[in-house]
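Take a look at the structure set out below.
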Amino acid sequence: MSPPVAPAGWSRWLVPPAALSVHLSIGQAYAWSVFKPPLESALGLSGTESALPFQLAIVMLGLSAAFGGTLVERNGPRWAMTVALVCFSSGFLISALGAATEQYWLIVLGYGFVGGIGLGIGYISPVSTLIKWFPDRPGMATGIAIMGFGGGALIASPWSTQMLQSFGTDSSGIALAFLVHGLTYAVFMSLGVLLVRVPRTDRPVDGAPSALQGPQVSAGSALRTPQFWCLWVVLCMNVTAGIGILEKAAPMITDFFADTSTPVSVSAAAGFVALLSAANMAGRIGWSSTSDLIGRKNIYRVYLGAGAVMYALLALFGDSSKPLFVLCAMVILSFYGGGFATVPAYLKDLFGTYQVGAIHGRLLTAWSTAGVLGPLIVNWIADHQKEAGKSGASLYSMSFMIMIGLLVIGFVANEFVRPVHARHHVPAPREEALDVERQQPESA
């Protein structure tokens, strides 16, 4: 299955909505924390166990993006969006069966493994196409699409909370909520499948630079460069710092203020998750667009350096003020989202547009690592601190200090990023021919 080539006069601004329909759907993953307390209660799970479907989903996201990136480049975004639709929706249906029968392994299989494949293929499905449509503003273009992934929880969090309140938080209520999610997202993602188009040429906008301008590096060659691995560390550290809060957002804010005179209610905690989603979403378009002005390296200095400062404020003063806690968490999540949205443009600057989708897919293995590392650090330490009789903010102090160290490591790795050596470049005379070869399967 390949997308039709855009006819003459086709507006490139119709492509971001196609990407958004997919990313807003798969962005539901960021609302997983809403399901954690009901699952723990209904199935007798620990915090670490209830995080497993989410962790596996992120692992599969990175692995499927890495192994499927070349297929996405070859078969085109319509094929990729279709695969994402089938896997992501099927994951919810399998999870519904698991909840209904109280077989937790089916929830892990469905949401984590099958749904995670849909996450990975769906995530990278529009990126290469958007960079080709917007060679003049790659940061903004990828930010618009990837903004949807960050904003998915803004819709899913209150929606899921309302369904659980209506259907119940027992196993049957959770199963029905999963079922509704799977069917609804299948319909919504179909819009992207029908709407997506690829540009006719490498210069879709008059006066804009060619998509082939600058050095071009193949995916295989990119893996042999230090730049790729420096970016891998940068992304992994930034994601670990953000996902550690995001995965446990609702119970975290509840724990932080449980021993105060103004504890956080369940509905307020769900609202906090929605606020983090809004910050995540705003950071993706805001910070990535800013990177078009100040450069990718500089914007990552902000993400990693200022992110460490925000974590320090949380560790030292987070339990003294709800506004401070919420503000610092929102800033961290805006950097988290901005890092995701900026990295495709960073890759384009370093490696060109030739096979940038495949390179991006391979880089997302950093997300897989962070998807395990971040929740594991926060949940494991919180569980052990709770067993030791501690409560409140002390459950998270040690994990926050670890996050600061990881962000510093990412900051240093970013400083080592330099232009790719010419020996890795695709020879200039072949660039046009290679682009034609790359485009033909998409426009067949």
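How things are named: the first chain in the structure tokens is A, the next is B, and so on; residues count from 1 in each chain; ligands count from 1 in the order shown.
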Counting only C-alpha atoms, which residues in region 288-372 of chain A sit no more than 8 Å from region 230-248 of chain A? For each one, give the nearest pair of atoms and the distance in Å, sorted by chain then residue number, as a tab-separated table.
```
residue	atom	partner	partner_atom	distance
A:Tyr303	CA	A:Asn238	CA	7.5
A:Leu304	CA	A:Asn238	CA	6.6
A:Ala329	CA	A:Ile245	CA	7.6
A:Ile332	CA	A:Gly242	CA	6.2
A:Leu333	CA	A:Gly242	CA	5.7
A:Phe335	CA	A:Gly242	CA	7.9
A:Tyr336	CA	A:Gly242	CA	5.3
A:Gly339	CA	A:Leu235	CA	7.0
A:Phe340	CA	A:Leu235	CA	7.7
A:Val343	CA	A:Leu235	CA	7.9
A:Leu363	CA	A:Trp232	CA	5.9
A:Leu364	CA	A:Trp232	CA	7.9
A:Ala366	CA	A:Cys236	CA	4.7
A:Trp367	CA	A:Cys236	CA	5.8
A:Thr369	CA	A:Cys236	CA	6.9
A:Ala370	CA	A:Thr240	CA	4.6
A:Gly371	CA	A:Thr240	CA	6.8
```
Å distance separating CA of His421 (chain A) from CA of Phe228 (chain A), one decimal place
12.1 Å
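In this model, the gap between CA of Ile377 (chain A) and CA of Leu52 (chain A) comes to 13.0 Å.
For the atom pair formed by CA of Val86 (chain A) and CA of Ala278 (chain A), the distance is 27.0 Å, given to one decimal.
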Can you pull out the residues contacting region 125-132 of chain A? Cut-off 9 Å, using only C-alpha atoms, and skip same-chain residues under 5 positions away; I want them as a PyMOL selection string.
chain A and resi 12+15-16+18-19+22+69+72-73+76-81+84+120+137-139+141-142+145-146+196-199+201-204+210-212+344-345+348+353+355-358+360
Restricted to N, CA and C atoms, what would the selected residues look like written as a short mmCIF file (atom, residue, chain, number, x, y, z; two decimals), in the first residue's frame?
```
data_model
loop_
_atom_site.label_atom_id
_atom_site.label_comp_id
_atom_site.auth_asym_id
_atom_site.auth_seq_id
_atom_site.Cartn_x
_atom_site.Cartn_y
_atom_site.Cartn_z
N ARG A 12 0.45 21.73 1.24
CA ARG A 12 1.23 20.92 2.17
C ARG A 12 0.67 20.98 3.58
N VAL A 15 -1.11 17.90 5.16
CA VAL A 15 -0.37 16.72 5.62
C VAL A 15 -0.25 16.68 7.15
N PRO A 16 0.04 17.80 7.85
CA PRO A 16 0.09 17.73 9.31
C PRO A 16 -1.18 17.20 9.97
N ALA A 18 -3.12 14.92 8.85
CA ALA A 18 -3.06 13.46 8.69
C ALA A 18 -2.15 12.85 9.75
N ALA A 19 -1.01 13.50 9.97
CA ALA A 19 -0.08 13.02 10.99
C ALA A 19 -0.69 13.15 12.39
N VAL A 22 -3.05 10.36 13.65
CA VAL A 22 -2.36 9.16 14.15
C VAL A 22 -1.70 9.45 15.49
N GLY A 69 11.81 1.09 10.40
CA GLY A 69 12.10 2.37 9.77
C GLY A 69 12.38 2.26 8.28
N VAL A 72 9.18 1.60 6.44
CA VAL A 72 8.37 2.81 6.32
C VAL A 72 8.89 3.67 5.18
N GLU A 73 10.22 3.81 5.07
CA GLU A 73 10.81 4.57 3.97
C GLU A 73 10.46 3.93 2.62
N GLY A 76 6.17 3.72 2.36
CA GLY A 76 5.46 4.98 2.44
C GLY A 76 4.60 5.13 3.68
N PRO A 77 4.16 6.35 3.96
CA PRO A 77 3.43 6.64 5.20
C PRO A 77 2.04 6.00 5.27
N ARG A 78 1.38 5.80 4.13
CA ARG A 78 0.04 5.20 4.20
C ARG A 78 0.12 3.76 4.70
N TRP A 79 1.07 3.02 4.21
CA TRP A 79 1.27 1.65 4.68
C TRP A 79 1.56 1.65 6.17
N ALA A 80 2.44 2.56 6.59
CA ALA A 80 2.84 2.61 8.00
C ALA A 80 1.66 2.98 8.90
N MET A 81 0.85 3.94 8.47
CA MET A 81 -0.30 4.34 9.27
C MET A 81 -1.32 3.21 9.38
N ALA A 84 -0.01 0.75 11.90
CA ALA A 84 -0.15 1.32 13.23
C ALA A 84 -1.59 1.22 13.72
N GLY A 120 5.27 2.35 17.67
CA GLY A 120 6.52 2.62 16.97
C GLY A 120 6.33 2.94 15.50
N ARG A 137 11.29 24.58 7.06
CA ARG A 137 11.01 24.67 8.50
C ARG A 137 10.83 23.26 9.08
N PRO A 138 11.88 22.47 9.08
CA PRO A 138 11.73 21.08 9.53
C PRO A 138 11.39 20.96 11.01
N GLY A 139 11.93 21.84 11.85
CA GLY A 139 11.62 21.77 13.27
C GLY A 139 10.15 22.03 13.54
N ALA A 141 7.66 21.68 11.38
CA ALA A 141 6.84 20.65 10.75
C ALA A 141 6.76 19.39 11.61
N THR A 142 7.91 18.91 12.05
CA THR A 142 7.89 17.71 12.90
C THR A 142 7.28 18.02 14.26
N ALA A 145 3.41 17.63 14.08
CA ALA A 145 2.94 16.25 14.10
C ALA A 145 3.19 15.59 15.45
N ILE A 146 4.40 15.70 15.93
CA ILE A 146 4.77 15.02 17.16
C ILE A 146 4.10 15.69 18.36
N VAL A 196 -3.19 11.25 3.91
CA VAL A 196 -1.76 11.48 3.71
C VAL A 196 -1.37 11.47 2.22
N ARG A 197 -0.44 12.32 1.85
CA ARG A 197 0.09 12.42 0.48
C ARG A 197 1.61 12.63 0.56
N VAL A 198 2.32 12.26 -0.50
CA VAL A 198 3.76 12.54 -0.59
C VAL A 198 3.98 13.60 -1.67
N PRO A 199 5.03 14.43 -1.53
CA PRO A 199 5.28 15.49 -2.53
C PRO A 199 5.74 14.90 -3.86
N THR A 201 7.97 16.35 -5.94
CA THR A 201 9.39 16.62 -6.20
C THR A 201 10.11 16.86 -4.88
N ASP A 202 11.43 17.03 -4.95
CA ASP A 202 12.21 17.31 -3.75
C ASP A 202 12.18 18.80 -3.41
N ARG A 203 11.46 19.61 -4.20
CA ARG A 203 11.33 21.04 -3.89
C ARG A 203 9.84 21.40 -3.98
N PRO A 204 9.05 21.03 -2.96
CA PRO A 204 7.60 21.21 -3.03
C PRO A 204 7.13 22.66 -2.88
N SER A 210 15.88 22.73 -1.44
CA SER A 210 15.57 21.35 -1.82
C SER A 210 15.70 20.44 -0.61
N ALA A 211 14.86 19.41 -0.58
CA ALA A 211 14.96 18.43 0.50
C ALA A 211 16.29 17.70 0.47
N LEU A 212 16.98 17.75 -0.69
CA LEU A 212 18.27 17.07 -0.83
C LEU A 212 19.45 17.99 -0.56
N PRO A 344 14.14 14.85 15.06
CA PRO A 344 14.15 14.58 13.62
C PRO A 344 14.85 15.68 12.82
N ALA A 345 14.63 16.95 13.23
CA ALA A 345 15.30 18.06 12.54
C ALA A 345 16.80 18.04 12.82
N LYS A 348 18.12 15.52 10.54
CA LYS A 348 18.13 16.06 9.17
C LYS A 348 19.32 16.98 8.97
N THR A 353 18.15 14.28 4.35
CA THR A 353 16.81 13.69 4.29
C THR A 353 16.81 12.28 3.71
N GLN A 355 16.96 8.71 3.78
CA GLN A 355 16.80 7.70 4.83
C GLN A 355 16.73 8.28 6.24
N VAL A 356 16.28 9.54 6.37
CA VAL A 356 16.18 10.14 7.70
C VAL A 356 15.14 9.41 8.54
N GLY A 357 14.10 8.87 7.90
CA GLY A 357 13.10 8.13 8.65
C GLY A 357 13.68 6.87 9.26
N ALA A 358 14.51 6.17 8.50
CA ALA A 358 15.14 4.96 9.01
C ALA A 358 16.13 5.28 10.13
N HIS A 360 15.94 7.88 12.10
CA HIS A 360 15.10 8.27 13.24
C HIS A 360 14.57 7.04 13.96
#
```
Spatial neighbours of Val108 (chain A), 8 Å, only C-alpha atoms, chain gap at least 3 places, as a PyMOL selection string:
chain A and resi 52-53+56+95+104-105+111-113
Using only C-alpha atoms, which residues sit within 8 Å of Leu179 (chain A) once same-chain residues fewer than 4 positions away are excluded, as a PyMOL selection string?
chain A and resi 92-93+96+175+183
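When only C-alpha atoms are used to compute distances to Gly168 (chain A), the closest of the residues A:Ala269, A:Ile404, A:Leu63, A:Leu39 turns out to be A:Leu39.
Checking A:Tyr185, A:Phe54, A:Phe167, A:Trp287 one by one against Gly143 (chain A), counting only C-alpha atoms, you find the shortest gap at A:Trp287.
In this comparison, which uses only C-alpha atoms, the residue of A:Phe400, A:Trp13, A:Trp380, A:Phe272 approaching Met310 (chain A) most closely is A:Phe400.
Using only C-alpha atoms, the shortest contact distance between Ser277 (chain A) and any of A:Ile174, A:Val302, A:Val5, A:Ile155 is found at A:Ile155.
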Identify, on the basis of only C-alpha atoms, every residue whose closest approach to Pro158 (chain A) does not exceed 8 Å; exclude the query and any residue fewer than 2 positions from it along the same chain; express the result as an mmCIF file with N, CA and C atoms, in the first residue's frame.
```cif
data_model
loop_
_atom_site.group_PDB
_atom_site.id
_atom_site.type_symbol
_atom_site.label_atom_id
_atom_site.label_comp_id
_atom_site.auth_asym_id
_atom_site.auth_seq_id
_atom_site.Cartn_x
_atom_site.Cartn_y
_atom_site.Cartn_z
ATOM 1 N N LEU A 154 -3.942 14.590 26.754
ATOM 2 C CA LEU A 154 -4.808 15.710 27.097
ATOM 3 C C LEU A 154 -6.263 15.345 26.824
ATOM 4 N N ILE A 155 -6.466 14.524 25.799
ATOM 5 C CA ILE A 155 -7.804 14.018 25.490
ATOM 6 C C ILE A 155 -8.072 12.727 26.259
ATOM 7 N N ALA A 156 -7.110 11.817 26.243
ATOM 8 C CA ALA A 156 -7.330 10.481 26.797
ATOM 9 C C ALA A 156 -7.456 10.483 28.314
ATOM 10 N N SER A 160 -10.615 8.830 29.722
ATOM 11 C CA SER A 160 -10.445 7.539 30.391
ATOM 12 C C SER A 160 -10.970 7.600 31.827
ATOM 13 N N THR A 161 -10.684 8.705 32.510
ATOM 14 C CA THR A 161 -11.165 8.866 33.881
ATOM 15 C C THR A 161 -12.682 8.825 33.935
ATOM 16 N N GLN A 162 -13.315 9.515 32.992
ATOM 17 C CA GLN A 162 -14.782 9.529 32.961
ATOM 18 C C GLN A 162 -15.355 8.151 32.666
ATOM 19 N N ALA A 270 -5.902 13.501 38.063
ATOM 20 C CA ALA A 270 -6.151 13.328 36.633
ATOM 21 C C ALA A 270 -5.984 14.654 35.894
ATOM 22 N N GLY A 271 -6.382 15.734 36.552
ATOM 23 C CA GLY A 271 -6.183 17.053 35.953
ATOM 24 C C GLY A 271 -4.714 17.390 35.817
ATOM 25 N N ALA A 274 -3.419 15.777 32.808
ATOM 26 C CA ALA A 274 -3.820 16.540 31.629
ATOM 27 C C ALA A 274 -2.951 17.776 31.442
#
```
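Restricting the calculation to only C-alpha atoms, the smallest distance between His384 (chain A) and any of A:Phe416, A:Ser11, A:Ala29, A:Thr48 is found for A:Thr48.
You can rank A:Tyr300, A:Val217, A:Asp349, A:Gly338 by their closest distance to Gly410 (chain A) using only C-alpha atoms, and at the top of that list sits A:Tyr300.
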Do a neighbour search on Thr254 (chain A) at 8 Å with only C-alpha atoms, toss out local chain neighbours closer than 2 positions, and write the hits as a PyMOL selection string.
chain A and resi 250-252+256-258+263-266+269
Residues of region 113-361 of chain A classed as alpha helix (DSSP H) by DSSP on the backbone are to be reported as a VMD selection string.
chain A and resid 115 to 124 127 to 133 138 to 167 171 to 195 219 to 222 226 to 246 249 to 256 266 to 294 296 to 317 322 to 351 356 to 361
